[in-house]
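So this block is final08.csv, CSV, N, CA and C atoms and all ligand atoms:
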chain,number,residue,atom,x,y,z
A,8,MET,N,125.4,102.1,133.7
A,8,MET,CA,124.2,102.5,133.0
A,8,MET,C,123.7,101.3,132.2
A,9,THR,N,122.4,101.1,132.3
A,9,THR,CA,121.8,100.0,131.5
A,9,THR,C,121.0,100.6,130.4
A,10,ALA,N,120.7,99.8,129.4
A,10,ALA,CA,120.0,100.3,128.2
A,10,ALA,C,118.7,100.9,128.6
A,11,ALA,N,118.1,100.3,129.7
A,11,ALA,CA,116.7,100.8,130.1
A,11,ALA,C,116.7,102.2,130.6
A,12,ASN,N,117.8,102.7,131.2
A,12,ASN,CA,117.8,104.1,131.7
A,12,ASN,C,118.7,105.0,130.8
A,13,HIS,N,119.0,104.6,129.6
A,13,HIS,CA,119.7,105.4,128.6
A,13,HIS,C,118.7,106.6,128.2
A,14,PRO,N,119.2,107.8,128.0
A,14,PRO,CA,118.3,108.9,127.6
A,14,PRO,C,117.5,108.6,126.4
A,15,MET,N,117.9,107.7,125.5
A,15,MET,CA,117.1,107.4,124.3
A,15,MET,C,116.5,105.9,124.4
A,16,ALA,N,116.3,105.5,125.6
A,16,ALA,CA,115.7,104.1,125.8
A,16,ALA,C,114.4,104.0,125.1
A,17,TRP,N,113.7,105.1,125.0
A,17,TRP,CA,112.3,105.1,124.3
A,17,TRP,C,112.5,104.6,122.9
A,18,ALA,N,113.6,104.8,122.3
A,18,ALA,CA,113.8,104.5,120.8
A,18,ALA,C,113.6,103.0,120.5
A,19,ASP,N,113.8,102.2,121.5
A,19,ASP,CA,113.6,100.8,121.3
A,19,ASP,C,112.1,100.4,121.0
A,20,GLN,N,111.2,101.3,121.4
A,20,GLN,CA,109.8,101.0,121.2
A,20,GLN,C,109.3,101.8,120.0
A,21,GLY,N,110.1,102.5,119.3
A,21,GLY,CA,109.7,103.2,118.1
A,21,GLY,C,109.1,102.4,117.0
A,22,ALA,N,108.1,102.9,116.3
A,22,ALA,CA,107.5,102.1,115.2
A,22,ALA,C,108.5,102.0,114.0
A,23,CYS,N,109.6,102.7,114.1
A,23,CYS,CA,110.6,102.6,113.0
A,23,CYS,C,111.7,101.6,113.2
A,24,VAL,N,111.6,100.9,114.4
A,24,VAL,CA,112.6,99.9,114.7
A,24,VAL,C,112.6,98.8,113.6
A,25,GLY,N,113.7,98.6,113.0
A,25,GLY,CA,113.8,97.6,111.9
A,25,GLY,C,113.7,98.2,110.5
A,26,MET,N,113.2,99.4,110.4
A,26,MET,CA,113.1,100.0,109.1
A,26,MET,C,114.4,100.5,108.6
A,27,ASP,N,114.5,100.7,107.3
A,27,ASP,CA,115.7,101.2,106.6
A,27,ASP,C,116.0,102.6,107.1
A,28,THR,N,117.1,102.8,107.8
A,28,THR,CA,117.4,104.1,108.3
A,28,THR,C,117.6,105.2,107.2
A,29,SER,N,118.0,104.8,106.1
A,29,SER,CA,118.3,105.7,105.0
A,29,SER,C,117.0,106.4,104.6
A,30,LEU,N,115.8,105.8,104.8
A,30,LEU,CA,114.6,106.4,104.5
A,30,LEU,C,114.3,107.7,105.3
A,31,PHE,N,115.0,107.8,106.5
A,31,PHE,CA,114.8,108.9,107.4
A,31,PHE,C,115.8,110.1,107.1
A,32,TYR,N,116.8,109.8,106.3
A,32,TYR,CA,117.8,110.8,106.0
A,32,TYR,C,117.9,111.0,104.5
A,33,ILE,N,117.0,111.9,104.0
A,33,ILE,CA,116.9,112.2,102.6
A,33,ILE,C,117.3,113.6,102.3
A,34,GLU,N,117.5,113.9,101.0
A,34,GLU,CA,117.8,115.2,100.5
A,34,GLU,C,116.6,116.1,100.7
A,35,SER,N,116.8,117.4,101.0
A,35,SER,CA,115.7,118.3,101.2
A,35,SER,C,114.7,118.4,100.1
A,36,SER,N,115.2,118.1,98.9
A,36,SER,CA,114.4,118.2,97.7
A,36,SER,C,113.5,116.9,97.5
A,37,GLU,N,113.8,115.9,98.3
A,37,GLU,CA,113.1,114.6,98.2
A,37,GLU,C,111.8,114.6,99.1
A,38,GLN,N,110.9,113.8,98.7
A,38,GLN,CA,109.6,113.6,99.5
A,38,GLN,C,109.8,112.5,100.5
A,39,ILE,N,109.4,112.7,101.7
A,39,ILE,CA,109.6,111.6,102.7
A,39,ILE,C,108.7,110.4,102.3
A,40,ALA,N,109.1,109.2,102.5
A,40,ALA,CA,108.3,108.0,102.1
A,40,ALA,C,107.1,107.9,102.9
A,41,PRO,N,106.0,107.5,102.3
A,41,PRO,CA,104.7,107.3,103.0
A,41,PRO,C,104.8,106.4,104.2
A,42,GLU,N,105.6,105.3,104.0
A,42,GLU,CA,105.8,104.4,105.1
A,42,GLU,C,106.5,105.0,106.4
A,43,VAL,N,107.3,106.0,106.1
A,43,VAL,CA,108.0,106.7,107.2
A,43,VAL,C,107.0,107.5,107.9
A,44,GLU,N,106.2,108.3,107.2
A,44,GLU,CA,105.2,109.1,107.8
A,44,GLU,C,104.2,108.3,108.6
A,45,ALA,N,103.8,107.2,108.0
A,45,ALA,CA,102.8,106.3,108.7
A,45,ALA,C,103.4,105.7,110.0
A,46,ALA,N,104.7,105.4,110.0
A,46,ALA,CA,105.3,104.9,111.2
A,46,ALA,C,105.3,105.9,112.3
A,47,CYS,N,105.6,107.1,112.0
A,47,CYS,CA,105.6,108.2,113.0
A,47,CYS,C,104.2,108.4,113.5
A,48,HIS,N,103.2,108.4,112.6
A,48,HIS,CA,101.9,108.7,113.0
A,48,HIS,C,101.3,107.6,114.0
A,49,ARG,N,101.8,106.4,113.9
A,49,ARG,CA,101.3,105.4,114.8
A,49,ARG,C,102.3,105.0,115.9
A,50,CYS,N,103.3,105.8,116.0
A,50,CYS,CA,104.4,105.5,117.0
A,50,CYS,C,104.0,105.7,118.4
A,51,PRO,N,104.2,104.7,119.3
A,51,PRO,CA,103.9,104.8,120.7
A,51,PRO,C,104.8,105.8,121.5
A,52,VAL,N,106.0,106.1,120.9
A,52,VAL,CA,106.9,107.0,121.6
A,52,VAL,C,107.1,108.3,120.9
A,53,PHE,N,106.0,108.7,120.1
A,53,PHE,CA,106.1,109.9,119.3
A,53,PHE,C,106.5,111.1,120.2
A,54,VAL,N,105.9,111.3,121.3
A,54,VAL,CA,106.2,112.5,122.1
A,54,VAL,C,107.6,112.5,122.6
A,55,ASP,N,108.1,111.4,123.1
A,55,ASP,CA,109.5,111.3,123.5
A,55,ASP,C,110.5,111.6,122.3
A,56,CYS,N,110.1,111.0,121.1
A,56,CYS,CA,111.0,111.2,120.0
A,56,CYS,C,110.9,112.7,119.5
A,57,HIS,N,109.8,113.3,119.5
A,57,HIS,CA,109.6,114.7,119.1
A,57,HIS,C,110.4,115.6,120.1
A,58,THR,N,110.3,115.3,121.4
A,58,THR,CA,111.0,116.2,122.3
A,58,THR,C,112.5,116.0,122.2
A,59,TRP,N,113.0,114.8,122.0
A,59,TRP,CA,114.4,114.6,121.8
A,59,TRP,C,114.9,115.3,120.5
A,60,ALA,N,114.2,115.1,119.4
A,60,ALA,CA,114.6,115.6,118.1
A,60,ALA,C,114.6,117.1,118.2
A,61,LEU,N,113.7,117.7,118.8
A,61,LEU,CA,113.7,119.2,118.9
A,61,LEU,C,114.9,119.7,119.6
A,62,ARG,N,115.3,119.0,120.6
A,62,ARG,CA,116.5,119.4,121.4
A,62,ARG,C,117.8,119.0,120.8
A,63,HIS,N,117.9,117.9,120.1
A,63,HIS,CA,119.2,117.3,119.8
A,63,HIS,C,119.4,117.0,118.3
A,64,GLU,N,118.4,116.9,117.5
A,64,GLU,CA,118.7,116.4,116.2
A,64,GLU,C,118.5,117.5,115.1
A,65,ALA,N,119.6,117.7,114.4
A,65,ALA,CA,119.6,118.7,113.3
A,65,ALA,C,119.3,118.0,112.0
A,66,PHE,N,119.6,116.8,111.9
A,66,PHE,CA,119.4,116.1,110.6
A,66,PHE,C,118.4,114.9,110.7
A,67,GLY,N,117.8,114.7,109.6
A,67,GLY,CA,116.9,113.5,109.4
A,67,GLY,C,115.5,113.9,109.8
A,68,TYR,N,114.6,112.9,109.5
A,68,TYR,CA,113.2,113.0,109.7
A,68,TYR,C,112.9,112.3,111.1
A,69,TRP,N,112.4,113.0,112.0
A,69,TRP,CA,112.1,112.5,113.4
A,69,TRP,C,110.7,112.9,113.8
A,70,ALA,N,110.0,112.0,114.3
A,70,ALA,CA,108.6,112.3,114.9
A,70,ALA,C,107.8,113.1,113.9
A,71,GLY,N,107.8,112.8,112.7
A,71,GLY,CA,106.9,113.5,111.8
A,71,GLY,C,107.4,114.9,111.4
A,72,THR,N,108.7,115.2,111.7
A,72,THR,CA,109.2,116.5,111.4
A,72,THR,C,110.5,116.4,110.5
A,73,SER,N,110.6,117.3,109.6
A,73,SER,CA,111.8,117.4,108.8
A,73,SER,C,112.8,118.3,109.5
A,74,GLU,N,114.0,118.4,108.9
A,74,GLU,CA,115.0,119.3,109.5
A,74,GLU,C,114.4,120.7,109.5
A,75,ARG,N,113.9,121.1,108.3
A,75,ARG,CA,113.3,122.5,108.2
A,75,ARG,C,112.2,122.8,109.2
A,76,GLN,N,111.3,121.8,109.3
A,76,GLN,CA,110.2,122.0,110.2
A,76,GLN,C,110.7,122.2,111.7
A,77,ARG,N,111.7,121.4,112.1
A,77,ARG,CA,112.2,121.5,113.4
A,77,ARG,C,112.9,122.9,113.6
A,78,ARG,N,113.6,123.3,112.6
A,78,ARG,CA,114.2,124.7,112.7
A,78,ARG,C,113.2,125.7,112.9
A,79,ARG,N,112.1,125.6,112.1
A,79,ARG,CA,111.0,126.6,112.3
A,79,ARG,C,110.4,126.5,113.7
A,80,LEU,N,110.2,125.3,114.2
A,80,LEU,CA,109.6,125.1,115.6
A,80,LEU,C,110.6,125.7,116.6
A,81,ARG,N,111.9,125.5,116.5
A,81,ARG,CA,112.8,126.1,117.4
A,81,ARG,C,112.7,127.6,117.4
A,82,ARG,N,112.6,128.2,116.3
A,82,ARG,CA,112.5,129.6,116.2
A,82,ARG,C,111.2,130.1,116.8
A,83,ALA,N,110.2,129.3,116.7
A,83,ALA,CA,108.8,129.8,117.1
A,83,ALA,C,108.7,129.6,118.6
A,84,LEU,N,109.5,128.8,119.2
A,84,LEU,CA,109.4,128.6,120.7
A,84,LEU,C,109.8,129.9,121.4
A,85,PRO,N,109.1,130.2,122.5
A,85,PRO,CA,109.5,131.4,123.3
A,85,PRO,C,110.9,131.3,123.8
A,86,THR,N,111.3,130.2,124.3
A,86,THR,CA,112.6,130.0,124.8
A,86,THR,C,113.2,128.7,124.1
A,87,PRO,N,114.1,128.8,123.2
A,87,PRO,CA,114.6,127.6,122.5
A,87,PRO,C,115.1,126.6,123.5
A,88,PRO,N,114.8,125.3,123.3
A,88,PRO,CA,115.4,124.3,124.2
A,88,PRO,C,116.9,124.3,124.2
A,89,PRO,N,117.5,124.2,125.4
A,89,PRO,CA,118.9,124.2,125.4
A,89,PRO,C,119.5,123.0,124.6
A,90,ARG,N,120.5,123.2,123.9
A,90,ARG,CA,121.2,122.1,123.2
A,90,ARG,C,122.6,122.1,123.8
A,91,PRO,N,123.0,121.0,124.4
A,91,PRO,CA,124.3,120.9,125.1
A,91,PRO,C,125.4,121.0,124.1
A,92,PRO,N,126.4,121.8,124.4
A,92,PRO,CA,127.6,121.8,123.5
A,92,PRO,C,128.2,120.4,123.4
A,93,GLN,N,128.7,120.0,122.3
A,93,GLN,CA,129.3,118.7,122.2
A,93,GLN,C,130.7,118.8,122.6
A,94,PRO,N,131.0,117.9,123.6
A,94,PRO,CA,132.4,117.9,124.1
A,94,PRO,C,133.4,117.4,123.0
A,95,ARG,N,134.5,118.0,122.9
A,95,ARG,CA,135.5,117.6,121.9
A,95,ARG,C,136.7,117.1,122.5
A,96,ARG,N,137.3,116.2,121.7
A,96,ARG,CA,138.6,115.6,122.1
A,96,ARG,C,139.7,116.6,121.6
A,97,PRO,N,140.9,116.5,122.1
A,97,PRO,CA,142.0,117.4,121.6
A,97,PRO,C,142.1,117.5,120.1
A,98,ASP,N,141.8,116.4,119.5
A,98,ASP,CA,142.0,116.3,118.0
A,98,ASP,C,140.8,117.0,117.3
A,99,GLY,N,139.8,117.4,118.1
A,99,GLY,CA,138.6,118.1,117.5
A,99,GLY,C,137.4,117.2,117.2
A,100,ALA,N,137.6,115.9,117.3
A,100,ALA,CA,136.5,115.0,117.1
A,100,ALA,C,135.5,115.0,118.3
A,101,VAL,N,134.3,114.7,118.1
A,101,VAL,CA,133.3,114.6,119.2
A,101,VAL,C,133.7,113.5,120.2
A,102,ASP,N,133.8,113.9,121.5
A,102,ASP,CA,134.1,112.9,122.5
A,102,ASP,C,132.8,112.2,122.9
A,103,ILE,N,132.6,111.0,122.3
A,103,ILE,CA,131.3,110.3,122.5
A,103,ILE,C,131.1,109.9,123.9
A,104,ARG,N,132.2,109.5,124.6
A,104,ARG,CA,132.0,109.1,126.0
A,104,ARG,C,131.6,110.3,126.9
A,105,ALA,N,132.2,111.4,126.7
A,105,ALA,CA,131.9,112.6,127.4
A,105,ALA,C,130.5,113.1,127.1
A,106,LEU,N,130.1,112.9,125.8
A,106,LEU,CA,128.8,113.3,125.4
A,106,LEU,C,127.7,112.5,126.0
A,107,CYS,N,128.0,111.1,126.1
A,107,CYS,CA,127.0,110.2,126.7
A,107,CYS,C,126.9,110.6,128.2
A,108,ALA,N,128.0,110.8,128.9
A,108,ALA,CA,128.0,111.2,130.3
A,108,ALA,C,127.2,112.5,130.5
A,109,GLN,N,127.4,113.4,129.6
A,109,GLN,CA,126.6,114.7,129.6
A,109,GLN,C,125.1,114.4,129.5
A,110,LEU,N,124.8,113.6,128.6
A,110,LEU,CA,123.3,113.3,128.4
A,110,LEU,C,122.8,112.6,129.5
A,111,ASP,N,123.6,111.6,130.1
A,111,ASP,CA,123.1,110.9,131.3
A,111,ASP,C,122.9,111.9,132.5
A,112,ALA,N,123.8,112.8,132.6
A,112,ALA,CA,123.7,113.8,133.7
A,112,ALA,C,122.5,114.6,133.5
A,113,GLU,N,122.2,115.0,132.3
A,113,GLU,CA,121.0,115.8,131.9
A,113,GLU,C,119.8,115.1,132.3
A,114,ALA,N,119.8,113.8,132.0
A,114,ALA,CA,118.6,113.0,132.3
A,114,ALA,C,118.6,112.5,133.8
A,115,ASN,N,119.7,112.7,134.5
A,115,ASN,CA,119.8,112.3,135.9
A,115,ASN,C,119.7,110.8,136.0
A,116,VAL,N,120.3,110.0,135.1
A,116,VAL,CA,120.2,108.6,135.2
A,116,VAL,C,121.5,107.9,135.1
A,117,GLY,N,122.6,108.7,135.4
A,117,GLY,CA,123.9,108.1,135.4
A,117,GLY,C,124.1,107.0,136.4
A,118,ALA,N,125.1,106.1,136.1
A,118,ALA,CA,125.3,105.0,137.0
A,118,ALA,C,125.6,105.5,138.4
A,119,GLY,N,125.0,104.9,139.4
A,119,GLY,CA,125.2,105.2,140.8
A,119,GLY,C,124.6,106.4,141.3
A,120,LYS,N,123.9,107.1,140.4
A,120,LYS,CA,123.2,108.4,140.8
A,120,LYS,C,121.8,108.0,141.2
A,121,PRO,N,121.2,108.6,142.2
A,121,PRO,CA,119.8,108.4,142.5
A,121,PRO,C,118.9,109.1,141.5
A,122,ARG,N,117.8,108.4,141.2
A,122,ARG,CA,116.9,109.0,140.3
A,122,ARG,C,116.0,110.0,141.0
A,123,LYS,N,115.6,111.0,140.3
A,123,LYS,CA,114.7,112.0,140.9
A,123,LYS,C,113.4,111.3,141.2
A,124,PRO,N,112.7,111.6,142.4
A,124,PRO,CA,111.4,111.0,142.7
A,124,PRO,C,110.4,111.4,141.7
A,201,LIG,S1,108.2,109.0,116.0
A,201,LIG,FE1,108.9,108.3,114.0
A,201,LIG,S2,111.2,108.6,114.0
A,201,LIG,FE2,110.4,108.7,116.2
A,201,LIG,S3,110.7,106.7,117.0
A,201,LIG,FE3,108.6,106.8,116.3
A,201,LIG,S4,108.6,106.0,114.2
A,201,LIG,FE4,110.8,106.5,114.8
Show this structure as structure tokens.
Amino acid sequence: MTAANHPMAWADQGACVGMDTSLFYIESSEQIAPEVEAACHRCPVFVDCHTWALRHEAFGYWAGTSERQRRRLRRALPTPPPRPPQPRRPDGAVDIRALCAQLDAEANVGAGKPRKP
């Protein structure tokens, strides 16, 4: 798998690349920084980020949405987007390799697999 066909390859073009990540992970009582909102509003991969976040991200500020806003959106959708169960190692930790393979399979971009036309 190359970086170009990674399920989150779009993130490399995000307007937030290079910004302080901690600005996107704040307490619920805090106000999101104006520069973060501005980045999302002008972001060329907003739709990709929003789609990803709605399906996969429980925490943080993604594509102009807070954790609470995404929870509301998920509830409002007629059919909630599927969220793959996280594979676990025997010790209970998330199996990152298996999770990446799962996401690759979901995106049909795994190494050696043909891409959908
Ligand atoms: S929409 Fe916002 S959080 Fe998502 S990649 Fe763009 S700037 Fe980053």
Subject >> Atomic separation - CA of His13 in chain A relative to CA of Ile33 in chain A, Å >> reply: 27.0 Å
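Of the residues listed (A:Glu34, A:Pro14, A:Gly67, A:Trp59), A:Pro14 shows the shortest atom-to-atom separation from Leu110 in chain A; distances use all atoms listed in the file.
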Original post:
Using all atoms listed in the file, which residue out of A:Ala16, A:Leu30, A:Ala83, A:Val52 lies closest to ligand LIG 201 (chain A)?
Top reply: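 Smallest distance to ligand LIG 201 (chain A) is found for A:Val52.
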Subject >> ligand LIG 201 (chain A) neighbours within 12 Å using only C-alpha atoms and all ligand atoms, as a PyMOL selection string >> reply: chain A and resi 15-32+39-61+64+66-73
Subject >> strand (DSSP E or B) positions in chain A, given as a list in words >> reply: Trp69, Thr72, Arg95 and Val101 of chain A
Please save N, CA and C atoms of the selected residues as a PDB file, in the frame of the given file.
ATOM      1  N   TRP A  69     112.400 113.000 112.000  1.00  0.00           N
ATOM      2  CA  TRP A  69     112.100 112.500 113.400  1.00  0.00           C
ATOM      3  C   TRP A  69     110.700 112.900 113.800  1.00  0.00           C
ATOM      4  N   THR A  72     108.700 115.200 111.700  1.00  0.00           N
ATOM      5  CA  THR A  72     109.200 116.500 111.400  1.00  0.00           C
ATOM      6  C   THR A  72     110.500 116.400 110.500  1.00  0.00           C
ATOM      7  N   ARG A  95     134.500 118.000 122.900  1.00  0.00           N
ATOM      8  CA  ARG A  95     135.500 117.600 121.900  1.00  0.00           C
ATOM      9  C   ARG A  95     136.700 117.100 122.500  1.00  0.00           C
ATOM     10  N   VAL A 101     134.300 114.700 118.100  1.00  0.00           N
ATOM     11  CA  VAL A 101     133.300 114.600 119.200  1.00  0.00           C
ATOM     12  C   VAL A 101     133.700 113.500 120.200  1.00  0.00           C
TER      13      VAL A 101
END
Subject >> Gap from CA of Asp111 in chain A to CA of Gly99 in chain A - Å, one decimal >> reply: 22.0 Å
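For the pair CA of Pro97 in chain A and CA of Arg62 in chain A, the separation is 25.6 Å.
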Subject >> DSSP-assigned alpha helix (DSSP H) members of chain A, reported as number ranges by chain >> reply: A: 41-48, 53-63, 74-83, 103-114
Serialized selection, N, CA and C atoms, as a tab-separated table (two decimals), in the frame of the given file:
chain	number	residue	atom	x	y	z
A	41	PRO	N	106.00	107.50	102.30
A	41	PRO	CA	104.70	107.30	103.00
A	41	PRO	C	104.80	106.40	104.20
A	42	GLU	N	105.60	105.30	104.00
A	42	GLU	CA	105.80	104.40	105.10
A	42	GLU	C	106.50	105.00	106.40
A	43	VAL	N	107.30	106.00	106.10
A	43	VAL	CA	108.00	106.70	107.20
A	43	VAL	C	107.00	107.50	107.90
A	44	GLU	N	106.20	108.30	107.20
A	44	GLU	CA	105.20	109.10	107.80
A	44	GLU	C	104.20	108.30	108.60
A	45	ALA	N	103.80	107.20	108.00
A	45	ALA	CA	102.80	106.30	108.70
A	45	ALA	C	103.40	105.70	110.00
A	46	ALA	N	104.70	105.40	110.00
A	46	ALA	CA	105.30	104.90	111.20
A	46	ALA	C	105.30	105.90	112.30
A	47	CYS	N	105.60	107.10	112.00
A	47	CYS	CA	105.60	108.20	113.00
A	47	CYS	C	104.20	108.40	113.50
A	48	HIS	N	103.20	108.40	112.60
A	48	HIS	CA	101.90	108.70	113.00
A	48	HIS	C	101.30	107.60	114.00
A	53	PHE	N	106.00	108.70	120.10
A	53	PHE	CA	106.10	109.90	119.30
A	53	PHE	C	106.50	111.10	120.20
A	54	VAL	N	105.90	111.30	121.30
A	54	VAL	CA	106.20	112.50	122.10
A	54	VAL	C	107.60	112.50	122.60
A	55	ASP	N	108.10	111.40	123.10
A	55	ASP	CA	109.50	111.30	123.50
A	55	ASP	C	110.50	111.60	122.30
A	56	CYS	N	110.10	111.00	121.10
A	56	CYS	CA	111.00	111.20	120.00
A	56	CYS	C	110.90	112.70	119.50
A	57	HIS	N	109.80	113.30	119.50
A	57	HIS	CA	109.60	114.70	119.10
A	57	HIS	C	110.40	115.60	120.10
A	58	THR	N	110.30	115.30	121.40
A	58	THR	CA	111.00	116.20	122.30
A	58	THR	C	112.50	116.00	122.20
A	59	TRP	N	113.00	114.80	122.00
A	59	TRP	CA	114.40	114.60	121.80
A	59	TRP	C	114.90	115.30	120.50
A	60	ALA	N	114.20	115.10	119.40
A	60	ALA	CA	114.60	115.60	118.10
A	60	ALA	C	114.60	117.10	118.20
A	61	LEU	N	113.70	117.70	118.80
A	61	LEU	CA	113.70	119.20	118.90
A	61	LEU	C	114.90	119.70	119.60
A	62	ARG	N	115.30	119.00	120.60
A	62	ARG	CA	116.50	119.40	121.40
A	62	ARG	C	117.80	119.00	120.80
A	63	HIS	N	117.90	117.90	120.10
A	63	HIS	CA	119.20	117.30	119.80
A	63	HIS	C	119.40	117.00	118.30
A	74	GLU	N	114.00	118.40	108.90
A	74	GLU	CA	115.00	119.30	109.50
A	74	GLU	C	114.40	120.70	109.50
A	75	ARG	N	113.90	121.10	108.30
A	75	ARG	CA	113.30	122.50	108.20
A	75	ARG	C	112.20	122.80	109.20
A	76	GLN	N	111.30	121.80	109.30
A	76	GLN	CA	110.20	122.00	110.20
A	76	GLN	C	110.70	122.20	111.70
A	77	ARG	N	111.70	121.40	112.10
A	77	ARG	CA	112.20	121.50	113.40
A	77	ARG	C	112.90	122.90	113.60
A	78	ARG	N	113.60	123.30	112.60
A	78	ARG	CA	114.20	124.70	112.70
A	78	ARG	C	113.20	125.70	112.90
A	79	ARG	N	112.10	125.60	112.10
A	79	ARG	CA	111.00	126.60	112.30
A	79	ARG	C	110.40	126.50	113.70
A	80	LEU	N	110.20	125.30	114.20
A	80	LEU	CA	109.60	125.10	115.60
A	80	LEU	C	110.60	125.70	116.60
A	81	ARG	N	111.90	125.50	116.50
A	81	ARG	CA	112.80	126.10	117.40
A	81	ARG	C	112.70	127.60	117.40
A	82	ARG	N	112.60	128.20	116.30
A	82	ARG	CA	112.50	129.60	116.20
A	82	ARG	C	111.20	130.10	116.80
A	83	ALA	N	110.20	129.30	116.70
A	83	ALA	CA	108.80	129.80	117.10
A	83	ALA	C	108.70	129.60	118.60
A	103	ILE	N	132.60	111.00	122.30
A	103	ILE	CA	131.30	110.30	122.50
A	103	ILE	C	131.10	109.90	123.90
A	104	ARG	N	132.20	109.50	124.60
A	104	ARG	CA	132.00	109.10	126.00
A	104	ARG	C	131.60	110.30	126.90
A	105	ALA	N	132.20	111.40	126.70
A	105	ALA	CA	131.90	112.60	127.40
A	105	ALA	C	130.50	113.10	127.10
A	106	LEU	N	130.10	112.90	125.80
A	106	LEU	CA	128.80	113.30	125.40
A	106	LEU	C	127.70	112.50	126.00
A	107	CYS	N	128.00	111.10	126.10
A	107	CYS	CA	127.00	110.20	126.70
A	107	CYS	C	126.90	110.60	128.20
A	108	ALA	N	128.00	110.80	128.90
A	108	ALA	CA	128.00	111.20	130.30
A	108	ALA	C	127.20	112.50	130.50
A	109	GLN	N	127.40	113.40	129.60
A	109	GLN	CA	126.60	114.70	129.60
A	109	GLN	C	125.10	114.40	129.50
A	110	LEU	N	124.80	113.60	128.60
A	110	LEU	CA	123.30	113.30	128.40
A	110	LEU	C	122.80	112.60	129.50
A	111	ASP	N	123.60	111.60	130.10
A	111	ASP	CA	123.10	110.90	131.30
A	111	ASP	C	122.90	111.90	132.50
A	112	ALA	N	123.80	112.80	132.60
A	112	ALA	CA	123.70	113.80	133.70
A	112	ALA	C	122.50	114.60	133.50
A	113	GLU	N	122.20	115.00	132.30
A	113	GLU	CA	121.00	115.80	131.90
A	113	GLU	C	119.80	115.10	132.30
A	114	ALA	N	119.80	113.80	132.00
A	114	ALA	CA	118.60	113.00	132.30
A	114	ALA	C	118.60	112.50	133.80
